[in-house]
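Asker: Contents are PDB, C-alpha atoms, pLDDT in the B column; file name run.pdb:
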MODEL        1
ATOM      1  CA  MET A1214       0.000   0.000   0.000  1.00 46.00           C
ATOM      2  CA  MET A1215       2.865   2.341   0.719  1.00 48.00           C
ATOM      3  CA  GLY A1216       3.948   2.082  -2.920  1.00 78.00           C
ATOM      4  CA  ILE A1217       0.866   4.020  -3.973  1.00 88.00           C
ATOM      5  CA  GLY A1218       1.913   7.087  -1.969  1.00 89.00           C
ATOM      6  CA  LYS A1219       5.414   7.014  -3.470  1.00 91.00           C
ATOM      7  CA  ARG A1220       4.034   6.633  -6.984  1.00 92.00           C
ATOM      8  CA  VAL A1221       1.639   9.535  -6.489  1.00 93.00           C
ATOM      9  CA  TRP A1222       4.523  11.727  -5.276  1.00 93.00           C
ATOM     10  CA  ALA A1223       6.551  10.717  -8.340  1.00 93.00           C
ATOM     11  CA  GLU A1224       3.606  11.747 -10.537  1.00 94.00           C
ATOM     12  CA  ILE A1225       3.307  15.121  -8.767  1.00 94.00           C
ATOM     13  CA  ILE A1226       7.034  15.834  -9.058  1.00 95.00           C
ATOM     14  CA  ASN A1227       6.983  14.869 -12.750  1.00 94.00           C
ATOM     15  CA  ARG A1228       3.985  17.148 -13.266  1.00 95.00           C
ATOM     16  CA  ILE A1229       5.976  20.120 -11.922  1.00 95.00           C
ATOM     17  CA  TYR A1230       9.464  19.118 -13.150  1.00 95.00           C
ATOM     18  CA  PRO A1231       8.942  16.898 -16.236  1.00 94.00           C
ATOM     19  CA  ASP A1232      12.681  16.368 -16.909  1.00 93.00           C
ATOM     20  CA  LEU A1233      13.689  15.546 -13.326  1.00 92.00           C
ATOM     21  CA  PRO A1234      14.490  11.849 -12.652  1.00 91.00           C
ATOM     22  CA  VAL A1235      12.629  10.466  -9.607  1.00 91.00           C
ATOM     23  CA  SER A1236      13.595   7.392  -7.586  1.00 89.00           C
ATOM     24  CA  TRP A1237      12.450   5.645  -4.417  1.00 84.00           C
ATOM     25  CA  GLU A1238      14.992   2.810  -4.443  1.00 82.00           C
ATOM     26  CA  ARG A1239      16.778   3.259  -1.135  1.00 80.00           C
ATOM     27  CA  ASP A1240      19.768   0.995  -1.912  1.00 79.00           C
ATOM     28  CA  MET A1241      20.739   2.951  -5.020  1.00 78.00           C
ATOM     29  CA  TRP A1242      20.243   6.234  -3.203  1.00 75.00           C
ATOM     30  CA  GLN A1243      22.402   5.278  -0.224  1.00 75.00           C
ATOM     31  CA  THR A1244      25.242   4.105  -2.480  1.00 77.00           C
ATOM     32  CA  GLY A1245      25.059   7.361  -4.463  1.00 76.00           C
ATOM     33  CA  GLN A1246      24.118   5.697  -7.759  1.00 75.00           C
ATOM     34  CA  PHE A1247      21.800   8.386  -9.086  1.00 80.00           C
ATOM     35  CA  MET A1248      21.891  11.234 -11.565  1.00 81.00           C
ATOM     36  CA  ARG A1249      22.060  14.887 -10.577  1.00 84.00           C
ATOM     37  CA  PRO A1250      19.774  16.779 -10.473  1.00 89.00           C
ATOM     38  CA  SER A1251      17.216  14.245  -9.257  1.00 91.00           C
ATOM     39  CA  ALA A1252      14.611  13.613  -6.593  1.00 92.00           C
ATOM     40  CA  PHE A1253      14.396  10.777  -4.078  1.00 93.00           C
ATOM     41  CA  ILE A1254      11.174   9.787  -2.285  1.00 94.00           C
ATOM     42  CA  GLU A1255      11.116   8.094   1.112  1.00 93.00           C
ATOM     43  CA  ALA A1256       7.791   7.352   2.821  1.00 92.00           C
ATOM     44  CA  ASP A1257       7.021   5.787   6.203  1.00 92.00           C
ATOM     45  CA  LEU A1258       3.637   4.460   7.257  1.00 92.00           C
ATOM     46  CA  ILE A1259       2.270   6.197  10.362  1.00 93.00           C
ATOM     47  CA  SER A1260      -1.185   4.647  10.601  1.00 93.00           C
ATOM     48  CA  GLU A1261      -3.746   2.647   8.699  1.00 92.00           C
ATOM     49  CA  LYS A1262      -7.297   2.874  10.012  1.00 92.00           C
ATOM     50  CA  THR A1263     -10.664   1.785   8.705  1.00 88.00           C
ATOM     51  CA  TYR A1264     -12.442   4.926   7.548  1.00 88.00           C
ATOM     52  CA  THR A1265     -15.620   3.372   6.166  1.00 87.00           C
ATOM     53  CA  ARG A1266     -16.549  -0.211   5.317  1.00 84.00           C
ATOM     54  CA  GLN A1267     -15.104   0.306   1.851  1.00 86.00           C
ATOM     55  CA  SER A1268     -12.082   2.528   2.549  1.00 89.00           C
ATOM     56  CA  VAL A1269      -8.982   2.705   4.697  1.00 91.00           C
ATOM     57  CA  ARG A1270      -7.339   6.001   5.721  1.00 94.00           C
ATOM     58  CA  ILE A1271      -3.555   5.843   5.299  1.00 93.00           C
ATOM     59  CA  VAL A1272      -1.331   8.411   7.050  1.00 95.00           C
ATOM     60  CA  GLU A1273       2.318   8.564   6.000  1.00 95.00           C
ATOM     61  CA  ASP A1274       5.403  10.697   6.521  1.00 95.00           C
ATOM     62  CA  VAL A1275       7.300  11.571   3.371  1.00 95.00           C
ATOM     63  CA  ARG A1276      10.748  12.979   2.756  1.00 95.00           C
ATOM     64  CA  LEU A1277      11.461  14.359  -0.699  1.00 95.00           C
ATOM     65  CA  VAL A1278      15.166  14.882  -1.329  1.00 93.00           C
ATOM     66  CA  PHE A1279      15.994  17.185  -4.245  1.00 93.00           C
ATOM     67  CA  HIS A1280      19.655  16.688  -5.209  1.00 91.00           C
ATOM     68  CA  TYR A1281      21.427  19.663  -6.754  1.00 90.00           C
ATOM     69  CA  GLU A1282      23.523  19.492  -9.878  1.00 87.00           C
ATOM     70  CA  TYR A1283      27.229  20.288  -9.505  1.00 84.00           C
ATOM     71  CA  GLU A1284      29.015  22.988 -11.454  1.00 82.00           C
ATOM     72  CA  GLN A1285      31.472  21.335 -13.910  1.00 77.00           C
ATOM     73  CA  ILE A1286      34.959  22.873 -13.757  1.00 76.00           C
ATOM     74  CA  ASP A1287      36.606  20.282 -16.019  1.00 74.00           C
ATOM     75  CA  GLU A1288      36.089  16.589 -16.812  1.00 71.00           C
ATOM     76  CA  GLN A1289      37.387  15.266 -13.489  1.00 73.00           C
ATOM     77  CA  GLU A1290      36.713  18.104 -11.085  1.00 75.00           C
ATOM     78  CA  ARG A1291      33.333  19.351 -10.034  1.00 77.00           C
ATOM     79  CA  GLY A1292      32.618  22.675  -8.432  1.00 80.00           C
ATOM     80  CA  GLU A1293      29.942  24.000  -6.106  1.00 85.00           C
ATOM     81  CA  PRO A1294      26.380  22.618  -6.159  1.00 85.00           C
ATOM     82  CA  ILE A1295      23.891  24.679  -8.165  1.00 86.00           C
ATOM     83  CA  PRO A1296      20.767  25.183  -5.981  1.00 85.00           C
ATOM     84  CA  PHE A1297      17.555  23.751  -7.354  1.00 82.00           C
ATOM     85  CA  ASP A1298      14.567  26.102  -7.694  1.00 90.00           C
ATOM     86  CA  LEU A1299      11.797  24.681  -5.495  1.00 92.00           C
ATOM     87  CA  VAL A1300       9.530  27.722  -5.762  1.00 94.00           C
ATOM     88  CA  PRO A1301       7.340  26.041  -8.445  1.00 95.00           C
ATOM     89  CA  PHE A1302       6.895  23.002  -6.169  1.00 95.00           C
ATOM     90  CA  PHE A1303       5.751  25.028  -3.157  1.00 95.00           C
ATOM     91  CA  MET A1304       3.647  27.313  -5.370  1.00 96.00           C
ATOM     92  CA  TYR A1305       1.887  24.266  -6.826  1.00 95.00           C
ATOM     93  CA  LEU A1306       1.101  22.892  -3.354  1.00 94.00           C
ATOM     94  CA  ARG A1307      -0.269  26.276  -2.247  1.00 94.00           C
ATOM     95  CA  GLN A1308      -2.375  26.642  -5.417  1.00 95.00           C
ATOM     96  CA  GLN A1309      -3.854  23.204  -4.776  1.00 93.00           C
ATOM     97  CA  ARG A1310      -4.412  24.184  -1.128  1.00 93.00           C
ATOM     98  CA  TYR A1311      -2.304  21.220  -0.009  1.00 93.00           C
ATOM     99  CA  CYS A1312      -4.865  18.816  -1.448  1.00 94.00           C
ATOM    100  CA  VAL A1313      -3.341  17.227  -4.563  1.00 94.00           C
ATOM    101  CA  ALA A1314      -5.137  14.708  -6.782  1.00 91.00           C
ATOM    102  CA  SER A1315      -3.393  12.008  -8.797  1.00 91.00           C
ATOM    103  CA  LYS A1316      -4.816  11.488 -12.265  1.00 90.00           C
ATOM    104  CA  GLN A1317      -3.078   8.166 -12.826  1.00 90.00           C
ATOM    105  CA  PHE A1318      -3.891   6.503  -9.482  1.00 87.00           C
ATOM    106  CA  GLU A1319      -7.190   8.312  -8.765  1.00 87.00           C
ATOM    107  CA  THR A1320      -6.058   9.196  -5.263  1.00 89.00           C
ATOM    108  CA  MET A1321      -6.141  12.520  -3.455  1.00 92.00           C
ATOM    109  CA  LEU A1322      -3.417  13.404  -0.982  1.00 94.00           C
ATOM    110  CA  VAL A1323      -4.265  15.737   1.893  1.00 95.00           C
ATOM    111  CA  ILE A1324      -0.939  17.320   2.829  1.00 95.00           C
ATOM    112  CA  GLU A1325       0.232  19.022   6.017  1.00 94.00           C
ATOM    113  CA  PRO A1326       2.404  22.156   5.577  1.00 91.00           C
ATOM    114  CA  PRO A1327       5.979  21.111   4.723  1.00 93.00           C
ATOM    115  CA  ARG A1328       9.204  21.485   6.681  1.00 94.00           C
ATOM    116  CA  THR A1329      12.425  22.048   4.786  1.00 94.00           C
ATOM    117  CA  GLN A1330      16.026  21.321   5.606  1.00 94.00           C
ATOM    118  CA  GLU A1331      18.761  22.606   3.331  1.00 92.00           C
ATOM    119  CA  LYS A1332      22.011  20.669   3.104  1.00 89.00           C
ATOM    120  CA  SER A1333      25.109  21.543   1.096  1.00 85.00           C
ATOM    121  CA  ASP A1334      24.178  19.484  -1.983  1.00 88.00           C
ATOM    122  CA  ARG A1335      20.436  18.919  -1.564  1.00 90.00           C
ATOM    123  CA  MET A1336      17.154  20.221  -0.176  1.00 93.00           C
ATOM    124  CA  GLU A1337      14.974  17.930   1.944  1.00 94.00           C
ATOM    125  CA  VAL A1338      11.240  18.554   2.152  1.00 96.00           C
ATOM    126  CA  MET A1339       9.356  16.625   4.840  1.00 96.00           C
ATOM    127  CA  PHE A1340       5.677  16.490   5.688  1.00 93.00           C
ATOM    128  CA  GLN A1341       2.812  14.237   6.631  1.00 96.00           C
ATOM    129  CA  TYR A1342      -0.037  13.383   4.299  1.00 96.00           C
ATOM    130  CA  SER A1343      -3.068  11.130   4.216  1.00 95.00           C
ATOM    131  CA  TYR A1344      -5.224   9.491   1.596  1.00 93.00           C
ATOM    132  CA  LEU A1345      -8.132   7.089   1.376  1.00 91.00           C
ATOM    133  CA  LEU A1346      -7.574   3.681  -0.142  1.00 87.00           C
ATOM    134  CA  HIS A1347     -10.537   1.804  -1.576  1.00 84.00           C
ATOM    135  CA  VAL A1348     -11.192  -1.663  -0.173  1.00 81.00           C
ATOM    136  CA  PRO A1349     -13.270  -3.801  -2.544  1.00 80.00           C
ATOM    137  CA  LYS A1350     -16.599  -5.128  -1.289  1.00 73.00           C
ATOM    138  CA  SER A1351     -16.565  -8.746  -0.335  1.00 66.00           C
ATOM    139  CA  THR A1352     -18.427 -10.885  -2.837  1.00 53.00           C
ATOM    140  CA  ALA A1353     -21.101 -13.456  -2.072  1.00 49.00           C
ATOM    141  CA  THR A1354     -18.555 -16.271  -2.361  1.00 54.00           C
ATOM    142  CA  ASP A1355     -16.462 -14.673   0.408  1.00 59.00           C
ATOM    143  CA  ARG A1356     -19.308 -14.828   2.901  1.00 62.00           C
ATOM    144  CA  MET A1357     -20.748 -18.011   4.320  1.00 67.00           C
ATOM    145  CA  LYS A1358     -24.474 -18.197   3.673  1.00 67.00           C
ATOM    146  CA  ILE A1359     -26.938 -19.816   6.022  1.00 70.00           C
ATOM    147  CA  ASN A1360     -29.329 -21.779   3.840  1.00 74.00           C
ATOM    148  CA  ASN A1361     -30.866 -24.141   6.389  1.00 76.00           C
ATOM    149  CA  PHE A1362     -32.956 -22.925   9.277  1.00 74.00           C
ATOM    150  CA  TYR A1363     -34.277 -25.171  12.008  1.00 78.00           C
ATOM    151  CA  VAL A1364     -37.132 -24.181  14.266  1.00 82.00           C
ATOM    152  CA  GLU A1365     -38.758 -26.026  17.103  1.00 82.00           C
ATOM    153  CA  PHE A1366     -42.471 -26.804  16.624  1.00 80.00           C
ATOM    154  CA  ASN A1367     -44.465 -28.910  19.068  1.00 84.00           C
ATOM    155  CA  GLY A1368     -41.263 -30.253  20.611  1.00 81.00           C
ATOM    156  CA  LYS A1369     -39.844 -31.347  17.244  1.00 82.00           C
ATOM    157  CA  GLU A1370     -37.081 -29.721  15.199  1.00 82.00           C
ATOM    158  CA  VAL A1371     -38.407 -28.746  11.780  1.00 79.00           C
ATOM    159  CA  LYS A1372     -36.353 -27.609   8.792  1.00 77.00           C
ATOM    160  CA  ARG A1373     -37.613 -24.456   7.122  1.00 69.00           C
TER     161      ARG A1373
ENDMDL
END
Can you give me the file's structure in the form of structure tokens?
Answerer:
Amino acid sequence: MMGIGKRVWAEIINRIYPDLPVSWERDMWQTGQFMRPSAFIEADLISEKTYTRQSVRIVEDVRLVFHYEYEQIDEQERGEPIPFDLVPFFMYLRQQRYCVASKQFETMLVIEPPRTQEKSDRMEVMFQYSYLLHVPKSTATDRMKINNFYVEFNGKEVKR
């Protein structure tokens, strides 16, 4: 279920920055095997509660890491990181009133205001969000039906 939240965030980032590579593979990210500039998505499940009989409310924490591109001095030496412009990202969230819908996954994320943390070569954006996940109705074959009823009549058990 957590994969849906990550995929929706990838869709939102690609909507704002169409040329920016997005990844959520933690192993590749920790070993530094990614392109610059790029975005990394990390989500942690906070809670999963039944909202209605047909939906579950998922609450997750997300950390979006926007990696800056480095200034190229020559082929082997790289210079200072070039800061990434995140104004369009925050503007988009504000325009949507922190309630962003996914067209591909038909899911709406309700987002808390973000916290940012700037590092030397990246910007980290962290916040909490929630969404409703549809749970399919159980079919008739999933439920056990009671077809035989027995009642007591004049001291005898009678099938109805």
Asker: For A:His1280, find every residue with an atom within 6 Å (counting only C-alpha atoms), except residues of its own chain fewer than 4 positions away, and show them as a VMD selection string.
Answerer: chain A and resid 1250 to 1251 1335
Asker: Could you jot down the atom CA of A:Gln1285 to atom CA of A:Thr1329 separation for me, Å, one decimal place?
Answerer: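 Between these atoms lies a distance of 26.7 Å.
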Asker: Decode the PyMOL selection byres ((chain A and resi 1338) around 12) for the given file into explicit residues and return them as a list in words.
Answerer: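 So the PyMOL selection byres ((chain A and resi 1338) around 12), applied here, picks out Ala1252, Phe1253, Ile1254, Glu1255, Ala1256, Asp1274, Val1275, Arg1276, Leu1277, Val1278, Phe1279, His1280, Leu1299, Phe1302, Phe1303, Glu1325, Pro1326, Pro1327, Arg1328, Thr1329, Gln1330, Glu1331, Lys1332, Arg1335, Met1336, Glu1337, Met1339, Phe1340 and Gln1341 of chain A.
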Asker: Can you spit out the residues from that selection as a PDB file, in the frame of the given file, using C-alpha atoms?
Answerer:
ATOM      1  CA  ALA A1252      14.611  13.613  -6.593  1.00 92.00           C
ATOM      2  CA  PHE A1253      14.396  10.777  -4.078  1.00 93.00           C
ATOM      3  CA  ILE A1254      11.174   9.787  -2.285  1.00 94.00           C
ATOM      4  CA  GLU A1255      11.116   8.094   1.112  1.00 93.00           C
ATOM      5  CA  ALA A1256       7.791   7.352   2.821  1.00 92.00           C
ATOM      6  CA  ASP A1274       5.403  10.697   6.521  1.00 95.00           C
ATOM      7  CA  VAL A1275       7.300  11.571   3.371  1.00 95.00           C
ATOM      8  CA  ARG A1276      10.748  12.979   2.756  1.00 95.00           C
ATOM      9  CA  LEU A1277      11.461  14.359  -0.699  1.00 95.00           C
ATOM     10  CA  VAL A1278      15.166  14.882  -1.329  1.00 93.00           C
ATOM     11  CA  PHE A1279      15.994  17.185  -4.245  1.00 93.00           C
ATOM     12  CA  HIS A1280      19.655  16.688  -5.209  1.00 91.00           C
ATOM     13  CA  LEU A1299      11.797  24.681  -5.495  1.00 92.00           C
ATOM     14  CA  PHE A1302       6.895  23.002  -6.169  1.00 95.00           C
ATOM     15  CA  PHE A1303       5.751  25.028  -3.157  1.00 95.00           C
ATOM     16  CA  GLU A1325       0.232  19.022   6.017  1.00 94.00           C
ATOM     17  CA  PRO A1326       2.404  22.156   5.577  1.00 91.00           C
ATOM     18  CA  PRO A1327       5.979  21.111   4.723  1.00 93.00           C
ATOM     19  CA  ARG A1328       9.204  21.485   6.681  1.00 94.00           C
ATOM     20  CA  THR A1329      12.425  22.048   4.786  1.00 94.00           C
ATOM     21  CA  GLN A1330      16.026  21.321   5.606  1.00 94.00           C
ATOM     22  CA  GLU A1331      18.761  22.606   3.331  1.00 92.00           C
ATOM     23  CA  LYS A1332      22.011  20.669   3.104  1.00 89.00           C
ATOM     24  CA  ARG A1335      20.436  18.919  -1.564  1.00 90.00           C
ATOM     25  CA  MET A1336      17.154  20.221  -0.176  1.00 93.00           C
ATOM     26  CA  GLU A1337      14.974  17.930   1.944  1.00 94.00           C
ATOM     27  CA  MET A1339       9.356  16.625   4.840  1.00 96.00           C
ATOM     28  CA  PHE A1340       5.677  16.490   5.688  1.00 93.00           C
ATOM     29  CA  GLN A1341       2.812  14.237   6.631  1.00 96.00           C
TER      30      GLN A1341
END
Asker: Find the residue from A:Gln1309, A:Asn1361, A:Ser1236, A:Gln1246 that sits nearest to A:Trp1222; use only C-alpha atoms when measuring.
Answerer: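 Distance minimum relative to A:Trp1222 lands on A:Ser1236.
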Asker: Once the PyMOL selection byres ((chain A and resi 1319) around 12) has been evaluated on this model, what residues remain selected, and can you format them as a list in words?
Answerer: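 Applied to this file, the PyMOL selection byres ((chain A and resi 1319) around 12) returns Ile1217, Gly1218, Arg1220, Val1221, Glu1224, Val1313, Ala1314, Ser1315, Lys1316, Gln1317, Phe1318, Thr1320, Met1321, Leu1322, Tyr1344, Leu1345, Leu1346 and His1347 of chain A.
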Asker: For A:Pro1301, please output as a ChimeraX atom specification all residues within 9 Å (counting only C-alpha atoms; exclusion window: fewer than 4 positions along the same chain).
Answerer: /A:1229-1230,1305-1306
Asker: What does the distance between atom CA of A:Asp1257 and atom CA of A:Leu1233 come to in Å, to one decimal place?
Answerer: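 These two atoms are separated by 22.8 Å.
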Asker: Taking the file as shown, find all residues satisfying the PyMOL selection byres ((chain A and resi 1293-1296) around 8) and write them as a VMD selection string.
Answerer: chain A and resid 1281 to 1284 1291 to 1292 1297 to 1298 1333 to 1335
Asker: With all atoms listed in the file as the basis for distance, which of A:Gly1368, A:Gly1216, A:Pro1234, A:Pro1349 is at the shortest distance from A:Phe1247?
Answerer: A:Pro1234
Asker: Which one is closest to A:Val1323: A:Arg1270, A:Lys1262, A:Lys1350, A:Lys1372? Count all atoms listed in the file.
Answerer: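 Smallest separation from A:Val1323 among the options: A:Arg1270.
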Asker: Mind giving me the straight-line distance from atom CA of A:Arg1228 to atom CA of A:Ile1259 in Å, one decimal?
Answerer: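 According to the coordinates, atom CA of A:Arg1228 and atom CA of A:Ile1259 are separated by 26.1 Å.
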Asker: So, with all atoms listed in the file as the atoms that count, which of A:Phe1362, A:Val1348, A:Lys1369, A:Asn1227 lies closest to A:Ser1268?
Answerer: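 Ranking A:Phe1362, A:Val1348, A:Lys1369, A:Asn1227 by distance to A:Ser1268, first place goes to A:Val1348.
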Asker: Of the candidates A:Ser1343, A:Met1241, A:Asp1287, A:Ile1226, which one gets nearest to A:Leu1258 if we count only C-alpha atoms?
Answerer: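 Closest residue, counting only C-alpha atoms: A:Ser1343.
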